[in-house]
>>> print(open('query-v4.cif').read())   # mmCIF, C-alpha atoms
data_upload
loop_
_atom_site.label_atom_id
_atom_site.label_comp_id
_atom_site.auth_asym_id
_atom_site.auth_seq_id
_atom_site.Cartn_x
_atom_site.Cartn_y
_atom_site.Cartn_z
CA MET A 1 -12.09 50.99 265.04
CA PRO A 2 -15.17 53.01 264.11
CA ILE A 3 -16.29 55.45 266.81
CA PRO A 4 -19.40 54.11 268.60
CA VAL A 5 -22.47 56.24 267.93
CA LEU A 6 -25.52 55.83 270.20
CA SER A 7 -28.79 57.72 270.04
CA ILE A 8 -30.68 59.08 273.02
CA VAL A 9 -34.31 59.26 271.85
CA SER A 10 -37.66 60.06 273.41
CA LYS A 11 -40.97 61.73 272.86
CA LYS A 12 -41.00 65.42 273.78
CA ASN A 13 -40.09 66.54 277.30
CA CYS A 14 -38.88 63.23 278.66
CA GLY A 15 -35.52 64.65 279.70
CA LYS A 16 -32.93 63.69 277.05
CA THR A 17 -30.85 66.80 277.66
CA THR A 18 -31.15 66.50 281.43
CA LEU A 19 -29.91 62.92 281.21
CA LEU A 20 -27.04 63.95 278.93
CA GLU A 21 -26.05 66.69 281.37
CA LYS A 22 -25.36 63.94 283.91
CA LEU A 23 -24.05 61.30 281.52
CA ILE A 24 -21.46 63.54 279.82
CA PRO A 25 -19.47 64.40 282.98
CA GLU A 26 -19.77 60.77 284.14
CA LEU A 27 -18.16 59.50 280.91
CA LYS A 28 -15.61 62.34 280.95
CA GLY A 29 -14.76 61.36 284.53
CA ARG A 30 -14.05 57.84 283.33
CA GLY A 31 -11.53 59.22 280.87
CA TYR A 32 -13.48 59.25 277.61
CA ARG A 33 -13.70 62.07 275.08
CA VAL A 34 -17.37 62.67 274.41
CA GLY A 35 -19.07 64.12 271.35
CA ILE A 36 -22.74 65.14 271.19
CA LEU A 37 -24.73 65.46 268.00
CA LYS A 38 -28.17 67.01 268.16
CA HIS A 39 -30.71 66.62 265.39
CA ASP A 40 -33.26 69.36 264.83
CA ILE A 41 -35.43 68.97 261.76
CA HIS A 42 -36.97 72.40 262.33
CA GLY A 43 -33.68 74.28 262.13
CA PHE A 44 -31.63 75.97 264.79
CA ASP A 45 -30.28 79.35 265.76
CA ILE A 46 -26.76 79.64 267.00
CA ASP A 47 -24.49 82.63 267.59
CA HIS A 48 -25.34 86.07 268.92
CA GLU A 49 -26.83 88.82 266.79
CA GLY A 50 -24.32 91.58 266.14
CA LYS A 51 -21.21 89.42 266.60
CA ASP A 52 -18.80 89.42 263.66
CA THR A 53 -19.47 85.76 262.81
CA TYR A 54 -23.22 86.42 262.90
CA ARG A 55 -22.75 89.35 260.53
CA HIS A 56 -20.60 87.24 258.15
CA LYS A 57 -23.26 84.52 257.99
CA ALA A 58 -26.06 87.07 257.61
CA ALA A 59 -24.12 88.61 254.70
CA GLY A 60 -24.38 85.27 252.91
CA ALA A 61 -21.16 83.37 253.65
CA ASP A 62 -21.62 79.66 252.93
CA THR A 63 -19.36 78.64 255.81
CA VAL A 64 -18.26 80.72 258.78
CA ALA A 65 -15.68 79.56 261.31
CA ILE A 66 -14.12 81.16 264.34
CA SER A 67 -10.97 79.98 266.03
CA CYS A 68 -9.29 80.77 269.33
CA PRO A 69 -6.39 78.98 271.04
CA TRP A 70 -8.65 76.43 272.79
CA LYS A 71 -11.79 76.15 270.67
CA VAL A 72 -13.07 76.25 267.11
CA SER A 73 -16.60 76.65 265.84
CA VAL A 74 -18.10 76.29 262.39
CA ILE A 75 -21.50 77.14 260.90
CA LYS A 76 -22.03 75.72 257.44
CA ASP A 77 -24.88 75.64 254.92
CA VAL A 78 -25.44 72.26 253.30
CA ALA A 79 -27.17 71.52 249.99
CA GLU A 80 -28.80 68.45 251.49
CA GLU A 81 -29.02 67.19 255.02
CA LEU A 82 -25.96 65.32 256.23
CA THR A 83 -26.44 61.86 257.72
CA PRO A 84 -25.23 61.27 261.27
CA GLN A 85 -22.55 59.02 259.77
CA GLN A 86 -21.27 61.84 257.53
CA ILE A 87 -21.20 64.26 260.46
CA VAL A 88 -19.36 61.80 262.68
CA GLU A 89 -16.75 61.13 259.99
CA GLN A 90 -16.20 64.79 259.32
CA TYR A 91 -16.37 66.38 262.76
CA PHE A 92 -15.90 63.76 265.47
CA GLU A 93 -12.61 62.13 264.53
CA ASP A 94 -11.08 63.00 267.91
CA VAL A 95 -13.64 61.61 270.39
CA ASP A 96 -14.15 58.13 271.86
CA ILE A 97 -17.93 58.09 271.63
CA VAL A 98 -20.70 60.12 270.02
CA LEU A 99 -24.11 60.37 271.65
CA THR A 100 -26.86 61.76 269.49
CA GLU A 101 -29.90 63.56 270.79
CA GLY A 102 -32.64 62.66 268.36
CA TYR A 103 -32.25 60.73 265.10
CA LYS A 104 -34.92 58.28 266.17
CA ARG A 105 -35.43 57.22 262.53
CA ALA A 106 -31.76 56.43 261.95
CA LYS A 107 -30.63 52.82 262.39
CA LEU A 108 -28.25 53.63 265.24
CA PRO A 109 -28.40 51.78 268.58
CA GLN A 110 -30.93 53.68 270.69
CA ILE A 111 -31.49 54.41 274.34
CA GLU A 112 -35.03 55.56 274.98
CA VAL A 113 -35.85 57.97 277.79
CA PHE A 114 -39.46 57.73 278.97
CA ARG A 115 -41.38 59.63 281.63
CA LYS A 116 -44.85 58.38 282.48
CA ALA A 117 -45.48 61.87 283.84
CA ALA A 118 -45.13 63.24 280.28
CA HIS A 119 -46.59 60.51 278.04
CA HIS A 120 -48.72 57.37 278.16
CA GLN A 121 -46.44 55.18 276.08
CA PRO A 122 -42.79 55.13 275.01
CA ILE A 123 -41.80 55.27 271.32
CA HIS A 124 -40.67 51.65 271.29
CA THR A 125 -42.76 48.56 271.83
CA LYS A 126 -41.56 45.12 272.80
CA ASP A 127 -41.74 43.73 269.27
CA GLN A 128 -39.80 46.57 267.67
CA PRO A 129 -36.73 46.31 265.47
CA LYS A 130 -33.61 45.58 267.47
CA THR A 131 -32.19 49.09 267.55
CA LEU A 132 -33.22 49.66 271.19
CA ILE A 133 -30.45 48.74 273.65
CA ALA A 134 -31.80 50.20 276.90
CA LEU A 135 -34.73 52.01 278.44
CA MET A 136 -34.44 54.74 281.08
CA SER A 137 -37.79 55.53 282.70
CA ASP A 138 -39.62 56.64 285.79
CA VAL A 139 -41.77 53.51 285.80
CA PRO A 140 -40.76 49.87 285.34
CA LEU A 141 -41.45 48.72 281.79
CA ASP A 142 -40.43 45.56 279.99
CA LEU A 143 -39.35 46.26 276.42
CA GLY A 144 -37.07 43.25 276.32
CA VAL A 145 -33.95 45.35 276.94
CA PRO A 146 -32.16 46.47 280.12
CA HIS A 147 -34.30 48.92 282.10
CA MET A 148 -32.84 51.57 284.36
CA ASP A 149 -34.28 54.29 286.51
CA ILE A 150 -34.41 57.57 284.58
CA ASN A 151 -31.98 59.16 287.06
CA ASP A 152 -29.49 56.29 287.14
CA PHE A 153 -26.96 57.74 284.72
CA LYS A 154 -24.17 55.70 286.34
CA ALA A 155 -25.88 52.43 285.39
CA LEU A 156 -26.26 53.76 281.85
CA ALA A 157 -22.59 54.77 281.77
CA ASP A 158 -21.71 51.23 282.97
CA LEU A 159 -23.72 49.68 280.15
CA ILE A 160 -22.26 52.00 277.51
CA GLU A 161 -18.73 51.51 278.79
CA LYS A 162 -19.02 47.73 278.94
CA ARG A 163 -20.66 47.32 275.55
CA TYR A 164 -19.08 50.05 273.45
CA LEU A 165 -15.93 51.42 275.08
CA LYS A 166 -14.07 48.80 277.13
CA THR A 167 -13.94 46.32 274.27
CA ALA A 168 -12.56 49.05 272.00
CA SER A 169 -9.66 49.83 274.33
CA GLU A 170 -8.78 46.26 275.31
CA MET B 171 -6.19 73.35 243.14
CA PRO B 172 -5.77 74.59 246.70
CA ILE B 173 -8.54 76.97 247.85
CA PRO B 174 -7.27 80.57 247.89
CA VAL B 175 -7.08 81.97 251.42
CA LEU B 176 -6.75 85.75 251.86
CA SER B 177 -6.60 87.69 255.11
CA ILE B 178 -8.41 90.93 255.82
CA VAL B 179 -6.34 92.63 258.51
CA SER B 180 -6.34 95.95 260.31
CA LYS B 181 -5.79 97.67 263.58
CA LYS B 182 -8.91 97.83 265.77
CA ASN B 183 -12.07 99.53 264.49
CA CYS B 184 -11.01 100.08 260.90
CA GLY B 185 -14.04 98.25 259.54
CA LYS B 186 -12.98 94.71 258.55
CA THR B 187 -16.41 93.26 259.26
CA THR B 188 -18.19 96.17 257.57
CA LEU B 189 -16.06 95.61 254.46
CA LEU B 190 -16.76 91.86 254.54
CA GLU B 191 -20.48 92.52 254.82
CA LYS B 192 -20.28 94.18 251.40
CA LEU B 193 -17.62 91.93 249.86
CA ILE B 194 -19.36 88.63 250.70
CA PRO B 195 -22.61 89.33 248.76
CA GLU B 196 -20.56 90.83 245.92
CA LEU B 197 -18.53 87.62 245.53
CA LYS B 198 -21.66 85.48 246.04
CA GLY B 199 -23.35 87.51 243.31
CA ARG B 200 -20.48 86.64 240.98
CA GLY B 201 -21.16 82.95 241.59
CA TYR B 202 -18.51 82.02 244.14
CA ARG B 203 -18.98 80.05 247.33
CA VAL B 204 -17.46 82.06 250.14
CA GLY B 205 -16.03 80.94 253.47
CA ILE B 206 -15.10 83.27 256.31
CA LEU B 207 -12.66 82.40 259.08
CA LYS B 208 -12.36 84.73 262.03
CA HIS B 209 -9.43 84.63 264.43
CA ASP B 210 -9.94 85.67 268.03
CA ILE B 211 -7.00 85.12 270.33
CA HIS B 212 -9.07 86.14 273.35
CA GLY B 213 -11.72 83.44 272.89
CA PHE B 214 -15.29 83.63 271.73
CA ASP B 215 -18.80 82.91 272.90
CA ILE B 216 -21.21 81.28 270.57
CA ASP B 217 -24.63 79.70 271.10
CA HIS B 218 -27.44 80.78 273.41
CA GLU B 219 -27.53 79.97 277.10
CA GLY B 220 -30.18 77.40 277.89
CA LYS B 221 -30.26 75.80 274.43
CA ASP B 222 -29.61 72.06 274.36
CA THR B 223 -26.28 72.41 272.56
CA TYR B 224 -25.19 75.04 275.09
CA ARG B 225 -26.09 72.67 277.92
CA HIS B 226 -24.19 69.78 276.28
CA LYS B 227 -21.06 71.90 275.93
CA ALA B 228 -21.42 73.28 279.46
CA ALA B 229 -21.68 69.69 280.74
CA GLY B 230 -18.22 69.04 279.33
CA ALA B 231 -18.69 67.54 275.86
CA ASP B 232 -15.48 67.86 273.82
CA THR B 233 -17.36 68.40 270.58
CA VAL B 234 -20.98 69.42 270.11
CA ALA B 235 -22.70 69.52 266.73
CA ILE B 236 -26.23 70.32 265.64
CA SER B 237 -27.69 69.44 262.29
CA CYS B 238 -30.84 70.43 260.44
CA PRO B 239 -31.79 69.85 256.80
CA TRP B 240 -30.02 72.97 255.53
CA LYS B 241 -27.26 73.74 258.03
CA VAL B 242 -24.77 72.16 260.38
CA SER B 243 -22.83 73.70 263.23
CA VAL B 244 -19.97 72.40 265.35
CA ILE B 245 -18.28 73.65 268.51
CA LYS B 246 -15.08 71.79 269.33
CA ASP B 247 -12.38 72.05 271.99
CA VAL B 248 -8.85 71.74 270.67
CA ALA B 249 -5.72 70.74 272.60
CA GLU B 250 -3.70 73.33 270.72
CA GLU B 251 -4.71 76.13 268.42
CA LEU B 252 -5.39 75.07 264.86
CA THR B 253 -3.58 76.90 262.08
CA PRO B 254 -5.70 78.60 259.41
CA GLN B 255 -4.41 75.97 256.98
CA GLN B 256 -5.68 73.14 259.20
CA ILE B 257 -9.07 74.82 259.57
CA VAL B 258 -9.38 75.40 255.83
CA GLU B 259 -8.50 71.76 255.08
CA GLN B 260 -10.96 70.43 257.62
CA TYR B 261 -13.94 72.75 257.29
CA PHE B 262 -13.80 74.65 254.01
CA GLU B 263 -13.53 71.91 251.41
CA ASP B 264 -16.72 73.07 249.66
CA VAL B 265 -16.05 76.78 249.06
CA ASP B 266 -14.20 78.62 246.27
CA ILE B 267 -12.41 81.12 248.50
CA VAL B 268 -11.75 81.68 252.20
CA LEU B 269 -11.39 85.19 253.58
CA THR B 270 -9.97 85.42 257.06
CA GLU B 271 -10.67 88.22 259.47
CA GLY B 272 -7.50 88.57 261.48
CA TYR B 273 -4.45 86.27 261.33
CA LYS B 274 -2.18 89.22 260.68
CA ARG B 275 0.83 87.18 261.84
CA ALA B 276 0.14 84.30 259.45
CA LYS B 277 1.96 84.29 256.11
CA LEU B 278 -1.23 84.51 254.07
CA PRO B 279 -1.74 87.18 251.40
CA GLN B 280 -3.18 90.18 253.24
CA ILE B 281 -5.53 93.04 252.46
CA GLU B 282 -5.17 95.81 255.01
CA VAL B 283 -8.10 98.04 255.91
CA PHE B 284 -7.05 101.42 257.28
CA ARG B 285 -9.05 104.38 258.54
CA LYS B 286 -7.18 107.56 259.26
CA ALA B 287 -10.14 108.51 261.46
CA ALA B 288 -9.25 105.57 263.75
CA HIS B 289 -5.43 105.38 263.68
CA HIS B 290 -2.36 107.39 262.69
CA GLN B 291 -0.63 104.64 260.75
CA PRO B 292 -1.57 101.32 259.11
CA ILE B 293 -0.01 98.03 260.27
CA HIS B 294 2.08 97.70 257.12
CA THR B 295 4.87 99.96 255.92
CA LYS B 296 6.23 100.24 252.42
CA ASP B 297 9.29 98.07 253.09
CA GLN B 298 7.37 95.21 254.69
CA PRO B 299 7.45 91.55 253.69
CA LYS B 300 5.51 90.86 250.53
CA THR B 301 2.36 89.48 252.14
CA LEU B 302 0.35 92.67 251.53
CA ILE B 303 -1.58 92.56 248.24
CA ALA B 304 -3.86 95.59 248.59
CA LEU B 305 -4.74 98.51 250.84
CA MET B 306 -8.27 99.78 251.42
CA SER B 307 -8.31 103.16 253.16
CA ASP B 308 -10.06 106.46 253.62
CA VAL B 309 -6.91 108.38 252.67
CA PRO B 310 -4.52 107.82 249.74
CA LEU B 311 -1.41 105.98 250.93
CA ASP B 312 1.40 104.43 248.93
CA LEU B 313 2.44 101.09 250.37
CA GLY B 314 3.66 99.78 247.02
CA VAL B 315 0.46 97.77 246.44
CA PRO B 316 -2.89 98.61 244.80
CA HIS B 317 -4.80 101.16 246.83
CA MET B 318 -8.58 101.37 246.86
CA ASP B 319 -11.09 103.52 248.63
CA ILE B 320 -12.26 101.82 251.83
CA ASN B 321 -15.82 101.65 250.47
CA ASP B 322 -14.91 100.34 247.01
CA PHE B 323 -15.66 96.69 247.64
CA LYS B 324 -16.32 96.13 243.92
CA ALA B 325 -12.74 97.10 243.05
CA LEU B 326 -11.54 94.70 245.75
CA ALA B 327 -13.77 91.95 244.38
CA ASP B 328 -12.31 92.63 240.90
CA LEU B 329 -8.77 92.28 242.21
CA ILE B 330 -9.56 89.10 244.15
CA GLU B 331 -11.44 87.58 241.24
CA LYS B 332 -8.73 88.38 238.72
CA ARG B 333 -5.81 87.21 240.85
CA TYR B 334 -7.26 84.27 242.75
CA LEU B 335 -10.50 83.02 241.19
CA LYS B 336 -10.58 83.48 237.42
CA THR B 337 -7.28 81.69 236.88
CA ALA B 338 -8.55 78.79 238.99
CA SER B 339 -11.65 78.28 236.86
CA GLU B 340 -10.04 78.83 233.45
#
>>> encode(input="query-v4.cif", output="structure tokens")
Amino acid sequence: MPIPVLSIVSKKNCGKTTLLEKLIPELKGRGYRVGILKHDIHGFDIDHEGKDTYRHKAAGADTVAISCPWKVSVIKDVAEELTPQQIVEQYFEDVDIVLTEGYKRAKLPQIEVFRKAAHHQPIHTKDQPKTLIALMSDVPLDLGVPHMDINDFKALADLIEKRYLKTASE
Amino acid sequence: MPIPVLSIVSKKNCGKTTLLEKLIPELKGRGYRVGILKHDIHGFDIDHEGKDTYRHKAAGADTVAISCPWKVSVIKDVAEELTPQQIVEQYFEDVDIVLTEGYKRAKLPQIEVFRKAAHHQPIHTKDQPKTLIALMSDVPLDLGVPHMDINDFKALADLIEKRYLKTASE
């Protein structure tokens, strides 16, 4: 069975990470191993200046990894951007579900988070392509998919579990 | 051809990272793709508090990855410690050589770095198992293997290239 991969998408400052901070422990509590993949087209900083791994990478190493008895971490340069599918295949073989933050242009099933307090309109409209599977927002909106309150992470976990996880384990 | 994996080992504060900071660009300058694997039995911190990936991991995600057009990074919990061989197979498929910092108990070929200013004796003795391939130190010492000055990273690069890289590409 391929690992289900769902994207949490939104315009800026609608609360994707805040939602994930509640959704992750909810799914973990239901017994699932959860992977998160964040997309950042502008680049990212990771690691602490002065640490050995930071110094190795700064010295020009193509790939730097660090391993301890309970955790491993890798920082790797790539010649061209990896697709979410490539990343899932290579790094997420041991989880039950991958939730991406971002990748709104990929063709993955999407959950949009929308806050009227932050924007006038969501990304999706009612006549969009069928990648949207649910909308979480602070105002009722009909986009032709299930709508949930932006804080109702349990309802979202129910939907994800029913559609993407229960069928896999039955 | 399996990727050559060599360990840089020492007692504390002998300058493994300082040596690697010179050796990495030297090998890169000779056209090789270089991977570095650090071992830390006491655990490590990576990522910056407050960043999205940090928050995902803190919320309990088993694996967190972040991708941008030129780099990818992964932080993953493991049920039991991975061996250096497992890590090399999984994460270093696209480099020409992996240098580990640490793993002095693994059976990999080892280069010991020794500073008389920091310790009385190196880890290795002359009648040790044959994992030691070279000694870099600030004092002449005969351990039955090539000895180089602790700052002579070019001589070390020569040895590594001749023994582990040139044969692979010829």
>>> atom_distance(input="query-v4.cif", atom1="CA of Ala117 in chain A", atom2="CA of Val34 in chain A")
29.7 Å
>>> residues_near_point(input="query-v4.cif", point="(-17.6, 85.8, 260.4)", cutoff="12 Å", atoms="all atoms listed in the file", output="VMD selection string")
(chain A and resid 47 to 67 73 to 76) or (chain B and resid 178 186 to 191 194 204 to 210 214 216 268 to 272)
>>> resolve_selection(input="query-v4.cif", expression="the PyMOL selection byres ((chain B and resi 283-286) around 10)", output="PyMOL selection string")
chain B and resi 178-186+189+280-282+287-294+304-311+318-320
>>> atom_distance(input="query-v4.cif", atom1="CA of Val242 in chain B", atom2="CA of Phe323 in chain B")
29.1 Å
>>> atom_distance(input="query-v4.cif", atom1="CA of Pro316 in chain B", atom2="CA of Gly201 in chain B")
24.3 Å
>>> closest_residue(input="query-v4.cif", among="A:Glu89, A:Asp96, A:Glu80, A:Asp152", to="chain B", atoms="all atoms listed in the file")
A:Glu80
>>> closest_residue(input="query-v4.cif", among="A:Lys71, A:Arg33, A:Lys126, A:Leu23", to="Leu143 in chain A", atoms="only C-alpha atoms")
A:Lys126
>>> closest_residue(input="query-v4.cif", among="B:Glu196, B:Leu326, B:Leu176, B:Gly213", to="chain A", atoms="all atoms listed in the file")
B:Gly213
>>> axis_aligned_box(input="query-v4.cif", around="range 129-136 of chain A", padding_each_side="5 Å", output="AutoDock Vina command-line options")
--center_x -33.6 --center_y 50.2 --center_z 273.3 --size_x 16.3 --size_y 19.2 --size_z 25.6
>>> residues_around(input="query-v4.cif", residues="Lys300 in chain B", least_positions_apart="2", cutoff="10 Å", atoms="only C-alpha atoms", output="VMD selection string")
chain B and resid 277 to 280 296 to 298 302 to 303 314 to 315
>>> write_last_selection(input="query-v4.cif", atoms="C-alpha atoms", output="CSV table (one decimal), keeping the file's coordinate frame")
chain,number,residue,atom,x,y,z
B,277,LYS,CA,2.0,84.3,256.1
B,278,LEU,CA,-1.2,84.5,254.1
B,279,PRO,CA,-1.7,87.2,251.4
B,280,GLN,CA,-3.2,90.2,253.2
B,296,LYS,CA,6.2,100.2,252.4
B,297,ASP,CA,9.3,98.1,253.1
B,298,GLN,CA,7.4,95.2,254.7
B,302,LEU,CA,0.4,92.7,251.5
B,303,ILE,CA,-1.6,92.6,248.2
B,314,GLY,CA,3.7,99.8,247.0
B,315,VAL,CA,0.5,97.8,246.4
>>> closest_residue(input="query-v4.cif", among="A:Gln85, A:Thr131, A:Thr125, A:Asn151", to="chain B", atoms="only C-alpha atoms")
A:Gln85
